[in-house]
$ cat my_file-v3.tsv   # TSV, C-alpha atoms
chain	number	residue	atom	x	y	z
A	6	MET	CA	8.32	14.63	-3.38
A	7	THR	CA	12.09	14.70	-3.07
A	8	SER	CA	14.54	13.28	-5.54
A	9	SER	CA	15.62	10.66	-3.00
A	10	ASP	CA	12.08	9.28	-2.98
A	11	THR	CA	11.41	9.48	-6.68
A	12	ALA	CA	11.09	6.03	-8.20
A	13	ARG	CA	14.16	5.12	-10.22
A	14	THR	CA	13.54	4.85	-13.93
A	15	ALA	CA	15.35	3.37	-16.90
A	16	GLY	CA	15.27	3.92	-20.63
A	17	ARG	CA	12.17	2.49	-22.25
A	18	GLY	CA	12.27	-1.03	-23.66
A	19	GLY	CA	10.68	-4.42	-23.13
A	20	ASP	CA	13.88	-6.00	-21.79
A	21	THR	CA	14.23	-5.08	-18.13
A	22	ARG	CA	16.30	-8.07	-17.07
A	23	SER	CA	18.88	-5.86	-15.40
A	24	GLY	CA	19.10	-2.49	-13.75
A	25	SER	CA	16.29	-0.19	-12.78
A	26	VAL	CA	12.69	-0.65	-13.87
A	27	PRO	CA	10.47	2.27	-15.01
A	28	GLY	CA	8.27	3.15	-12.04
A	29	GLY	CA	10.40	1.10	-9.64
A	30	PHE	CA	10.56	-2.55	-8.59
A	31	GLY	CA	9.32	-4.03	-5.33
A	32	LEU	CA	8.74	-7.30	-3.48
A	33	TYR	CA	5.47	-7.91	-1.62
A	34	VAL	CA	5.25	-10.76	0.91
A	35	HIS	CA	1.76	-11.69	2.12
A	36	TRP	CA	1.35	-13.18	5.59
A	37	PRO	CA	-2.34	-14.18	5.68
A	38	PHE	CA	-2.94	-14.77	9.38
A	39	CYS	CA	-4.65	-12.54	11.95
A	40	VAL	CA	-5.68	-12.90	15.58
A	41	SER	CA	-9.23	-11.97	14.56
A	42	LYS	CA	-11.04	-10.69	11.47
A	43	CYS	CA	-12.01	-7.01	11.60
A	44	PRO	CA	-15.60	-6.35	10.43
A	45	TYR	CA	-14.53	-3.74	7.83
A	46	CYS	CA	-11.73	-5.82	6.30
A	47	ASP	CA	-12.01	-7.43	2.86
A	48	PHE	CA	-8.33	-8.40	2.60
A	49	ASN	CA	-7.20	-12.00	2.25
A	50	SER	CA	-6.78	-12.75	5.96
A	51	HIS	CA	-7.48	-15.84	8.01
A	52	VAL	CA	-7.64	-16.77	11.69
A	53	ALA	CA	-5.58	-19.86	12.57
A	54	ASP	CA	-4.95	-21.53	15.92
A	55	THR	CA	-1.49	-22.75	14.95
A	56	VAL	CA	0.96	-22.01	12.15
A	57	ASP	CA	3.92	-24.27	11.32
A	58	ALA	CA	6.65	-21.66	11.02
A	59	ALA	CA	9.18	-24.05	9.47
A	60	VAL	CA	6.77	-25.05	6.70
A	61	TRP	CA	5.84	-21.44	5.92
A	62	ARG	CA	9.47	-20.38	5.87
A	63	LEU	CA	10.36	-23.15	3.42
A	64	ASN	CA	7.47	-22.43	1.07
A	65	LEU	CA	7.80	-18.63	1.06
A	66	LEU	CA	11.47	-19.11	0.17
A	67	ALA	CA	10.48	-21.49	-2.63
A	68	GLU	CA	8.06	-18.99	-4.17
A	69	LEU	CA	10.66	-16.24	-3.79
A	70	ASP	CA	13.11	-18.44	-5.69
A	71	HIS	CA	10.55	-19.03	-8.45
A	72	TYR	CA	10.00	-15.35	-9.15
A	73	GLY	CA	13.55	-14.32	-8.34
A	74	ASN	CA	14.82	-16.51	-11.14
A	75	LYS	CA	12.46	-14.75	-13.58
A	76	THR	CA	13.60	-11.23	-12.62
A	77	LYS	CA	17.31	-11.51	-11.88
A	78	ARG	CA	19.61	-8.52	-11.45
A	79	ARG	CA	17.00	-5.83	-11.31
A	80	GLN	CA	17.43	-3.13	-8.72
A	81	LEU	CA	15.05	-3.74	-5.84
A	82	ASP	CA	13.54	-0.54	-4.47
A	83	SER	CA	11.40	-1.88	-1.64
A	84	VAL	CA	10.22	-4.90	0.31
A	85	PHE	CA	6.82	-4.90	2.00
A	86	PHE	CA	5.53	-7.49	4.47
A	87	GLY	CA	1.74	-7.14	4.38
A	88	GLY	CA	-1.27	-9.11	5.44
A	89	GLY	CA	-3.10	-10.28	7.35
A	90	THR	CA	-0.89	-9.35	10.25
A	91	PRO	CA	2.78	-9.90	9.37
A	92	SER	CA	3.92	-8.77	12.83
A	93	LEU	CA	2.54	-12.17	13.96
A	94	MET	CA	5.12	-13.80	11.69
A	95	PRO	CA	8.18	-15.27	13.43
A	96	PRO	CA	10.94	-12.70	12.76
A	97	GLU	CA	13.25	-15.49	11.59
A	98	ILE	CA	11.01	-15.94	8.51
A	99	ALA	CA	11.51	-12.30	7.58
A	100	ALA	CA	15.25	-12.70	8.18
A	101	ALA	CA	15.43	-15.74	5.90
A	102	LEU	CA	13.61	-13.98	3.08
A	103	LEU	CA	15.74	-10.85	3.40
A	104	ASP	CA	18.90	-12.96	3.40
A	105	ARG	CA	17.79	-14.51	0.09
A	106	ILE	CA	16.87	-11.38	-1.94
A	107	GLY	CA	20.50	-10.56	-2.72
A	108	ASP	CA	20.75	-13.86	-4.64
A	109	TYR	CA	18.48	-12.39	-7.29
A	110	TRP	CA	18.34	-8.61	-7.18
A	111	ASP	CA	20.69	-5.66	-6.76
A	112	ILE	CA	20.19	-4.28	-3.26
A	113	PRO	CA	20.80	-0.54	-2.68
A	114	ASP	CA	22.13	0.61	0.67
A	115	ASP	CA	18.90	2.48	1.37
A	116	LEU	CA	16.47	-0.35	0.49
A	117	GLU	CA	13.13	0.33	2.18
A	118	ILE	CA	11.85	-2.73	4.09
A	119	THR	CA	8.41	-2.25	5.65
A	120	LEU	CA	6.48	-4.40	8.11
A	121	GLU	CA	2.77	-3.92	8.73
A	122	ALA	CA	2.00	-4.36	12.42
A	123	ASN	CA	-0.81	-4.23	14.92
A	124	PRO	CA	-0.18	-2.50	18.25
A	125	SER	CA	-0.86	-5.42	20.58
A	126	SER	CA	1.69	-5.80	23.38
A	127	VAL	CA	2.73	-9.26	22.12
A	128	GLU	CA	3.53	-7.99	18.63
A	129	ALA	CA	5.22	-4.79	19.80
A	130	GLN	CA	7.66	-6.79	21.88
A	131	LYS	CA	8.92	-8.39	18.64
A	132	PHE	CA	9.83	-5.08	16.99
A	133	ALA	CA	13.49	-5.29	18.02
A	134	ASP	CA	13.74	-8.78	16.53
A	135	PHE	CA	12.25	-7.59	13.24
A	136	ARG	CA	14.72	-4.73	13.19
A	137	ALA	CA	17.56	-7.20	13.70
A	138	ALA	CA	16.14	-9.24	10.80
A	139	GLY	CA	16.54	-6.21	8.51
A	140	VAL	CA	13.19	-4.43	8.65
A	141	ASN	CA	13.77	-0.65	8.74
A	142	ARG	CA	10.24	0.76	8.52
A	143	VAL	CA	7.07	-0.18	10.39
A	144	SER	CA	3.47	0.71	9.56
A	145	ILE	CA	1.26	0.35	12.63
A	146	GLY	CA	-2.49	-0.13	12.30
A	147	ILE	CA	-3.54	2.17	15.13
A	148	GLN	CA	-6.93	3.00	13.49
A	149	SER	CA	-8.07	5.10	16.45
A	150	PHE	CA	-7.01	6.50	19.84
A	151	ASP	CA	-10.63	6.23	21.01
A	152	ASP	CA	-11.50	2.99	22.82
A	153	ALA	CA	-15.17	3.12	21.80
A	154	ALA	CA	-14.14	3.48	18.16
A	155	LEU	CA	-11.69	0.59	18.49
A	156	THR	CA	-14.50	-1.59	19.84
A	157	PHE	CA	-16.76	-0.60	16.94
A	158	LEU	CA	-13.96	-1.40	14.47
A	159	GLY	CA	-13.41	-4.81	16.06
A	160	ARG	CA	-9.81	-4.08	16.96
A	161	ALA	CA	-8.04	-6.30	19.48
A	162	HIS	CA	-6.03	-3.52	21.13
A	163	SER	CA	-6.76	-0.57	23.39
A	164	SER	CA	-5.72	3.06	23.01
A	165	ALA	CA	-3.18	2.57	25.80
A	166	GLU	CA	-1.60	-0.32	23.88
A	167	ALA	CA	-1.53	1.88	20.77
A	168	PHE	CA	0.48	4.60	22.50
A	169	ASP	CA	2.82	2.02	24.02
A	170	ALA	CA	3.38	0.35	20.65
A	171	ILE	CA	4.33	3.66	19.04
A	172	THR	CA	6.89	4.29	21.79
A	173	ILE	CA	8.37	0.81	21.35
A	174	ALA	CA	8.46	1.17	17.56
A	175	GLU	CA	10.30	4.48	17.78
A	176	ARG	CA	13.09	2.76	19.73
A	177	SER	CA	13.64	0.22	16.96
A	178	PHE	CA	12.85	2.02	13.70
A	179	LYS	CA	13.84	5.40	12.29
A	180	ARG	CA	10.78	5.34	10.04
A	181	VAL	CA	7.38	4.79	11.64
A	182	SER	CA	4.04	5.16	9.86
A	183	LEU	CA	0.67	5.23	11.62
A	184	ASP	CA	-2.65	4.15	10.06
A	185	PHE	CA	-5.99	5.66	11.14
A	186	ILE	CA	-9.59	5.26	10.01
A	187	TYR	CA	-11.84	8.31	10.30
A	188	ALA	CA	-15.27	9.49	9.14
A	189	LEU	CA	-16.73	6.96	11.56
A	190	PRO	CA	-20.41	6.89	12.55
A	191	GLY	CA	-21.14	9.87	14.79
A	192	GLN	CA	-17.62	11.30	14.52
A	193	SER	CA	-17.53	15.09	14.68
A	194	LEU	CA	-14.99	17.53	13.32
A	195	THR	CA	-13.99	18.36	16.91
A	196	ALA	CA	-13.41	14.72	17.82
A	197	TRP	CA	-11.35	14.00	14.71
A	198	ARG	CA	-9.33	17.20	15.17
A	199	ALA	CA	-8.33	16.09	18.67
A	200	GLU	CA	-7.43	12.59	17.55
A	201	LEU	CA	-5.42	13.75	14.56
A	202	GLN	CA	-3.61	16.30	16.71
A	203	ALA	CA	-2.62	13.49	19.09
A	204	ALA	CA	-1.23	11.52	16.16
A	205	LEU	CA	0.69	14.49	14.77
A	206	ALA	CA	2.10	15.22	18.22
A	207	ARG	CA	4.00	11.92	18.07
A	208	GLY	CA	6.24	13.44	15.40
A	209	THR	CA	5.95	10.50	13.04
A	210	GLY	CA	7.10	11.03	9.46
A	211	HIS	CA	4.18	9.31	7.74
A	212	LEU	CA	0.44	8.95	8.27
A	213	SER	CA	-2.07	6.87	6.32
A	214	LEU	CA	-5.53	8.32	6.98
A	215	TYR	CA	-8.47	6.51	5.44
A	216	GLN	CA	-12.13	7.38	5.53
A	217	LEU	CA	-14.18	4.32	6.45
A	218	THR	CA	-15.54	2.58	3.39
A	219	ILE	CA	-18.04	-0.27	3.36
A	220	GLU	CA	-16.86	-3.22	1.29
A	221	LYS	CA	-19.09	-6.01	-0.02
A	222	GLY	CA	-18.69	-9.31	1.74
A	223	THR	CA	-17.71	-7.82	5.10
A	224	PRO	CA	-19.85	-7.85	8.27
A	225	PHE	CA	-20.01	-4.05	8.07
A	226	TYR	CA	-21.63	-4.30	4.65
A	227	ALA	CA	-24.59	-6.24	6.01
A	228	ASP	CA	-24.80	-4.08	9.17
A	229	HIS	CA	-24.77	-0.85	7.18
A	230	ARG	CA	-27.35	-2.14	4.68
A	231	ASN	CA	-29.60	-3.18	7.58
A	232	GLY	CA	-29.37	0.24	9.23
A	233	ALA	CA	-27.21	-0.73	12.20
A	234	PHE	CA	-25.13	2.41	11.65
A	235	SER	CA	-24.75	5.26	9.17
A	236	LEU	CA	-21.70	7.06	7.87
A	237	PRO	CA	-21.20	10.84	7.85
A	238	ASP	CA	-23.03	12.54	4.99
A	239	ASP	CA	-21.09	13.84	1.99
A	240	ASP	CA	-20.75	17.38	3.35
A	241	LEU	CA	-19.33	16.24	6.69
A	242	ALA	CA	-17.05	13.73	4.98
A	243	ALA	CA	-15.71	16.54	2.78
A	244	HIS	CA	-15.13	18.79	5.80
A	245	LEU	CA	-13.33	15.96	7.60
A	246	TYR	CA	-11.07	15.49	4.58
A	247	GLU	CA	-10.37	19.21	4.30
A	248	LEU	CA	-9.53	19.39	8.01
A	249	THR	CA	-7.17	16.45	7.59
A	250	ALA	CA	-5.37	18.10	4.68
A	251	GLU	CA	-5.09	21.40	6.53
A	252	MET	CA	-3.75	19.94	9.78
A	253	THR	CA	-1.24	17.59	8.16
A	254	SER	CA	0.08	20.32	5.87
A	255	LYS	CA	0.60	22.71	8.76
A	256	ALA	CA	2.43	19.97	10.65
A	257	GLY	CA	4.84	19.40	7.76
A	258	LEU	CA	3.20	16.23	6.41
A	259	PRO	CA	1.48	17.33	3.20
A	260	ALA	CA	-0.56	14.87	1.18
A	261	TYR	CA	1.38	13.04	-1.52
A	262	GLU	CA	-1.52	10.66	-2.25
A	263	VAL	CA	-5.23	10.94	-1.55
A	264	SER	CA	-4.96	9.14	1.82
A	265	ASN	CA	-1.25	9.39	2.60
A	266	TYR	CA	0.72	12.22	4.19
A	267	ALA	CA	4.44	12.47	4.78
A	268	GLN	CA	7.39	14.59	5.70
A	269	ASN	CA	9.73	15.31	2.81
A	270	GLY	CA	11.56	12.08	1.98
A	271	GLN	CA	9.36	9.88	4.19
A	272	GLU	CA	6.90	8.80	1.48
A	273	SER	CA	6.29	5.06	1.16
A	274	ARG	CA	8.54	3.98	-1.67
A	275	HIS	CA	6.75	0.66	-1.97
A	276	ASN	CA	3.33	2.20	-2.48
A	277	LEU	CA	4.83	4.64	-4.98
A	278	VAL	CA	5.88	1.62	-7.06
A	279	TYR	CA	2.20	0.64	-7.27
A	280	TRP	CA	0.92	4.14	-7.96
A	281	ARG	CA	3.59	4.93	-10.56
A	282	GLY	CA	3.03	1.73	-12.50
A	283	GLY	CA	6.24	-0.07	-11.56
A	284	ASP	CA	6.84	-3.81	-11.37
A	285	TYR	CA	6.51	-5.93	-8.26
A	286	VAL	CA	6.82	-9.57	-7.29
A	287	GLY	CA	4.02	-10.84	-5.06
A	288	ILE	CA	4.52	-14.00	-3.00
A	289	GLY	CA	2.31	-15.66	-0.39
A	290	PRO	CA	-1.40	-16.54	-0.44
A	291	GLY	CA	-3.45	-14.20	-2.62
A	292	ALA	CA	-0.52	-11.91	-3.43
A	293	HIS	CA	-0.66	-10.02	-6.72
A	294	GLY	CA	2.27	-9.05	-8.92
A	295	ARG	CA	3.12	-7.19	-12.11
A	296	LEU	CA	6.23	-8.20	-14.07
A	297	THR	CA	7.72	-6.84	-17.26
A	298	LEU	CA	9.45	-9.77	-18.95
A	299	VAL	CA	11.23	-10.10	-22.29
A	300	ASP	CA	7.99	-11.20	-23.97
A	301	GLY	CA	5.74	-8.55	-22.43
A	302	CYS	CA	4.12	-7.49	-19.19
A	303	ARG	CA	2.35	-10.08	-17.06
A	304	ARG	CA	0.08	-9.80	-14.04
A	305	THR	CA	0.24	-12.56	-11.46
A	306	GLU	CA	-2.00	-13.75	-8.66
A	307	GLN	CA	-1.32	-16.47	-6.13
A	308	ILE	CA	-3.81	-19.01	-4.75
A	309	PRO	CA	-5.58	-17.20	-1.86
A	310	SER	CA	-6.30	-19.98	0.65
A	311	PRO	CA	-3.34	-20.79	2.94
A	312	ALA	CA	-3.88	-24.57	2.61
A	313	GLY	CA	-4.26	-24.40	-1.18
A	314	TRP	CA	-1.22	-22.15	-1.47
A	315	LEU	CA	0.95	-24.49	0.62
A	316	ALA	CA	-0.13	-27.53	-1.38
A	317	ALA	CA	0.66	-25.85	-4.71
A	318	VAL	CA	4.05	-24.54	-3.64
A	319	THR	CA	5.00	-27.93	-2.23
A	320	THR	CA	4.14	-29.54	-5.57
A	321	ASP	CA	5.17	-26.91	-8.10
A	322	GLY	CA	7.50	-24.51	-6.30
A	323	HIS	CA	4.96	-21.69	-6.63
A	324	ALA	CA	1.18	-21.18	-6.26
A	325	THR	CA	0.43	-18.97	-9.24
A	326	ARG	CA	-3.22	-19.24	-10.25
A	327	VAL	CA	-3.17	-16.30	-12.68
A	328	LEU	CA	-0.40	-15.50	-15.14
A	329	ALA	CA	-2.00	-13.23	-17.70
A	330	ASP	CA	-1.00	-10.65	-20.28
A	331	ASN	CA	-1.06	-7.05	-19.10
A	332	PRO	CA	-0.97	-5.24	-22.46
A	333	PRO	CA	-0.04	-1.57	-22.91
A	334	ALA	CA	-3.69	-0.46	-23.13
A	335	ASP	CA	-4.46	-2.06	-19.76
A	336	ARG	CA	-1.32	-0.60	-18.24
A	337	ALA	CA	-2.34	2.83	-19.52
A	338	ASP	CA	-5.72	2.51	-17.78
A	339	GLU	CA	-4.01	1.41	-14.56
A	340	LEU	CA	-1.62	4.35	-14.72
A	341	LEU	CA	-4.51	6.77	-15.18
A	342	MET	CA	-6.46	5.35	-12.25
A	343	MET	CA	-3.53	5.03	-9.87
A	344	GLY	CA	-1.52	8.07	-10.96
A	345	LEU	CA	-4.37	10.50	-10.39
A	346	ARG	CA	-4.37	9.49	-6.72
A	347	LEU	CA	-0.95	11.13	-6.39
A	348	THR	CA	-0.55	14.82	-5.63
A	349	ASP	CA	2.14	14.94	-8.32
A	350	GLY	CA	-0.19	13.15	-10.72
A	351	ILE	CA	0.90	11.31	-13.85
A	352	ASP	CA	4.32	12.07	-15.31
A	353	ARG	CA	4.22	12.18	-19.10
A	354	ALA	CA	7.74	10.86	-19.61
A	355	LEU	CA	7.26	7.95	-17.22
A	356	PHE	CA	3.88	7.12	-18.75
A	357	GLU	CA	5.45	6.85	-22.19
A	358	ARG	CA	8.38	4.75	-20.95
A	359	ILE	CA	5.97	2.25	-19.39
A	360	THR	CA	3.27	2.09	-22.08
A	361	GLY	CA	5.24	2.94	-25.21
A	362	ALA	CA	2.80	5.70	-26.18
A	363	PRO	CA	2.29	9.37	-25.29
A	364	LEU	CA	-0.15	10.16	-22.50
A	365	ASP	CA	-2.48	12.15	-24.75
A	366	ARG	CA	-3.11	9.08	-26.89
A	367	SER	CA	-4.81	7.43	-23.91
A	368	LEU	CA	-6.99	10.44	-23.12
A	369	ASP	CA	-10.26	11.77	-24.47
A	370	LEU	CA	-9.03	15.33	-24.87
A	371	ALA	CA	-12.56	16.75	-24.91
A	372	LYS	CA	-13.20	15.22	-21.48
A	373	VAL	CA	-9.84	16.48	-20.23
A	374	SER	CA	-10.73	19.97	-21.43
A	375	ALA	CA	-14.11	19.83	-19.68
A	376	LEU	CA	-12.58	18.63	-16.41
A	377	THR	CA	-9.90	21.33	-16.67
A	378	GLU	CA	-12.50	24.06	-17.20
A	379	ALA	CA	-14.39	22.71	-14.18
A	380	GLY	CA	-11.25	23.12	-12.07
A	381	LEU	CA	-10.93	19.40	-11.33
A	382	ILE	CA	-7.69	18.56	-13.14
A	383	GLU	CA	-4.58	20.30	-14.44
A	384	ALA	CA	-2.74	19.27	-17.60
A	385	ASP	CA	0.59	20.71	-18.69
A	386	ALA	CA	3.89	19.72	-20.30
A	387	ARG	CA	4.93	17.80	-17.17
A	388	GLY	CA	1.81	15.69	-16.78
A	389	LEU	CA	-1.75	15.37	-15.56
A	390	ARG	CA	-2.98	15.77	-11.98
A	391	ALA	CA	-6.14	16.29	-9.98
A	392	THR	CA	-6.64	19.64	-8.25
A	393	ALA	CA	-7.69	19.89	-4.60
A	394	ALA	CA	-11.29	20.06	-5.78
A	395	GLY	CA	-10.71	17.09	-8.07
A	396	ILE	CA	-9.28	15.00	-5.24
A	397	GLN	CA	-12.56	15.53	-3.40
A	398	ARG	CA	-14.36	14.04	-6.41
A	399	LEU	CA	-11.65	11.62	-7.44
A	400	ASN	CA	-13.84	8.62	-8.20
A	401	ALA	CA	-15.92	10.68	-10.60
A	402	VAL	CA	-12.82	12.25	-12.20
A	403	ILE	CA	-11.21	8.85	-12.74
A	404	ALA	CA	-14.43	7.37	-14.09
A	405	THR	CA	-14.72	10.22	-16.59
A	406	ILE	CA	-11.13	10.04	-17.81
A	407	ALA	CA	-10.96	6.26	-17.91
A	408	ALA	CA	-14.35	5.84	-19.62

$ encode --input "my_file-v3.tsv" --output "structure tokens"
Amino acid sequence: MTSSDTARTAGRGGDTRSGSVPGGFGLYVHWPFCVSKCPYCDFNSHVADTVDAAVWRLNLLAELDHYGNKTKRRQLDSVFFGGGTPSLMPPEIAAALLDRIGDYWDIPDDLEITLEANPSSVEAQKFADFRAAGVNRVSIGIQSFDDAALTFLGRAHSSAEAFDAITIAERSFKRVSLDFIYALPGQSLTAWRAELQAALARGTGHLSLYQLTIEKGTPFYADHRNGAFSLPDDDLAAHLYELTAEMTSKAGLPAYEVSNYAQNGQESRHNLVYWRGGDYVGIGPGAHGRLTLVDGCRRTEQIPSPAGWLAAVTTDGHATRVLADNPPADRADELLMMGLRLTDGIDRALFERITGAPLDRSLDLAKVSALTEAGLIEADARGLRATAAGIQRLNAVIATIAA
């Protein structure tokens, strides 16, 4: 990680009404609509025939105003338009929101503003308009360059559209990230090597590479339980992960998080805010947030249904259904679980600034010693991190430390 991409930090203290926030400070905007629902997806996304752009613009601005007034004059490190499929959003909505953020927060010249996008031809043609609106980074959900895999994953684009979308994105944005899903049913090391090589050949600065997971409540969950398909066994999944790490590292995109790989300085600043325990405002249906206020840290959650969210914002100016304490002990657990996903691990100084207590106070030192002797974690004066072997067993490592 380079210093330019290290989250800005401030001296510890409950009052973070101005300046930088320990771990960083971001804005997340949730656009909940998709063309279709992918069978593996458990995100808050909805298919709608029509969307009243003027109404959504007005209400997203209202919720931005609500939380902006609670967090004035902090330094904003990132903006992220997620979904759903925010590239379906009219670019003028993004422009209106980005025009408003300076009313509340200090905006650095290098503010990272990311748009999640699908590679359909209709959405790709809007990239230039999003760039004109202020977006400077795009994350494209390619998922695969194999048409059979795209069909299995329920994607609405072809491999040809994926390649075209990357070309169009590179004309509009200096920073382009590509998302892929691997460890698919029947996928071999040879097949994934070829696909990953094709992605690396594009010269992008950032890749998000996720092994397929089966989430409850999705169509894939029922299909997998009923034997419609099977995933690679643990040994093959491990070999696929090791191949991924090897190829990305050789190409100059080493892992900085368990599923994310980047050139030096191209790491996702917004996701680093999450993983380093920073604050973030979440607006839009189902969006989550974490805010350090003068009377303590709060976690927020917005009403998830689009209709319910609109009704609440129209009435109250926001659609917050959860505003709950996030005490230091809970924040410590979050930092342990999220920080161990990072290659750099958990920074002791940052941990103490956020929680008010030394890292060791939140650890069972006997368990740490056992995991260290097993070669799964490293602990030193700088912090705590998982080794390469520990990353392979990350869920078990986190469960042990957080227990």

$ residues_around --input "my_file-v3.tsv" --residues "A:Asp321" --least-positions-apart "4" --cutoff "12 Å" --atoms "all atoms listed in the file" --output "ChimeraX atom specification"
/A:64,67-68,70-71,313-317,325-326

$ closest_residue --input "my_file-v3.tsv" --among "A:Ala267, A:Ala393, A:Leu155, A:Cys46" --to "A:Ala243" --atoms "all atoms listed in the file"
A:Ala393

$ atom_distance --input "my_file-v3.tsv" --atom1 "atom CA of A:Arg176" --atom2 "atom CA of A:Leu120"
15.2 Å

$ atom_distance --input "my_file-v3.tsv" --atom1 "atom CA of A:Ser125" --atom2 "atom CA of A:Leu258"
26.2 Å

$ residues_around --input "my_file-v3.tsv" --residues "stretch 343-346 of chain A" --least-positions-apart "6" --cutoff "10 Å" --atoms "all atoms listed in the file" --output "short mmCIF file (atom, residue, chain, number, x, y, z; two decimals) with C-alpha atoms, in the coordinates of the input"
data_model
loop_
_atom_site.label_atom_id
_atom_site.label_comp_id
_atom_site.auth_asym_id
_atom_site.auth_seq_id
_atom_site.Cartn_x
_atom_site.Cartn_y
_atom_site.Cartn_z
CA TYR A 261 1.38 13.04 -1.52
CA GLU A 262 -1.52 10.66 -2.25
CA VAL A 263 -5.23 10.94 -1.55
CA SER A 264 -4.96 9.14 1.82
CA ASN A 265 -1.25 9.39 2.60
CA LEU A 277 4.83 4.64 -4.98
CA TYR A 279 2.20 0.64 -7.27
CA TRP A 280 0.92 4.14 -7.96
CA ARG A 281 3.59 4.93 -10.56
CA GLY A 282 3.03 1.73 -12.50
CA ALA A 337 -2.34 2.83 -19.52
CA ASP A 352 4.32 12.07 -15.31
CA PHE A 356 3.88 7.12 -18.75
CA ILE A 382 -7.69 18.56 -13.14
CA LEU A 389 -1.75 15.37 -15.56
CA ARG A 390 -2.98 15.77 -11.98
CA ALA A 391 -6.14 16.29 -9.98
CA THR A 392 -6.64 19.64 -8.25
CA GLY A 395 -10.71 17.09 -8.07
CA ILE A 396 -9.28 15.00 -5.24
CA LEU A 399 -11.65 11.62 -7.44
CA ASN A 400 -13.84 8.62 -8.20
CA VAL A 402 -12.82 12.25 -12.20
CA ILE A 403 -11.21 8.85 -12.74
#

$ residues_around --input "my_file-v3.tsv" --residues "A:Glu175" --least-positions-apart "6" --cutoff "12 Å" --atoms "only C-alpha atoms" --output "list in words"
Ala129, Phe132, Ala133, Arg136, Asn141, Arg142, Val143, Ser144, Ile145, Phe168, Asp169, Val181, Ser182, Leu183, Arg207, Gly208, Thr209 and Gly210 of chain A

$ closest_residue --input "my_file-v3.tsv" --among "A:Thr195, A:Thr218, A:Thr405, A:Thr119" --to "A:Ser235" --atoms "all atoms listed in the file"
A:Thr218

$ closest_residue --input "my_file-v3.tsv" --among "A:Ala199, A:Thr348, A:Phe225, A:Ile219" --to "A:Tyr266" --atoms "only C-alpha atoms"
A:Thr348

$ atom_distance --input "my_file-v3.tsv" --atom1 "atom CA of A:Trp197" --atom2 "atom CA of A:Ile147"
14.2 Å
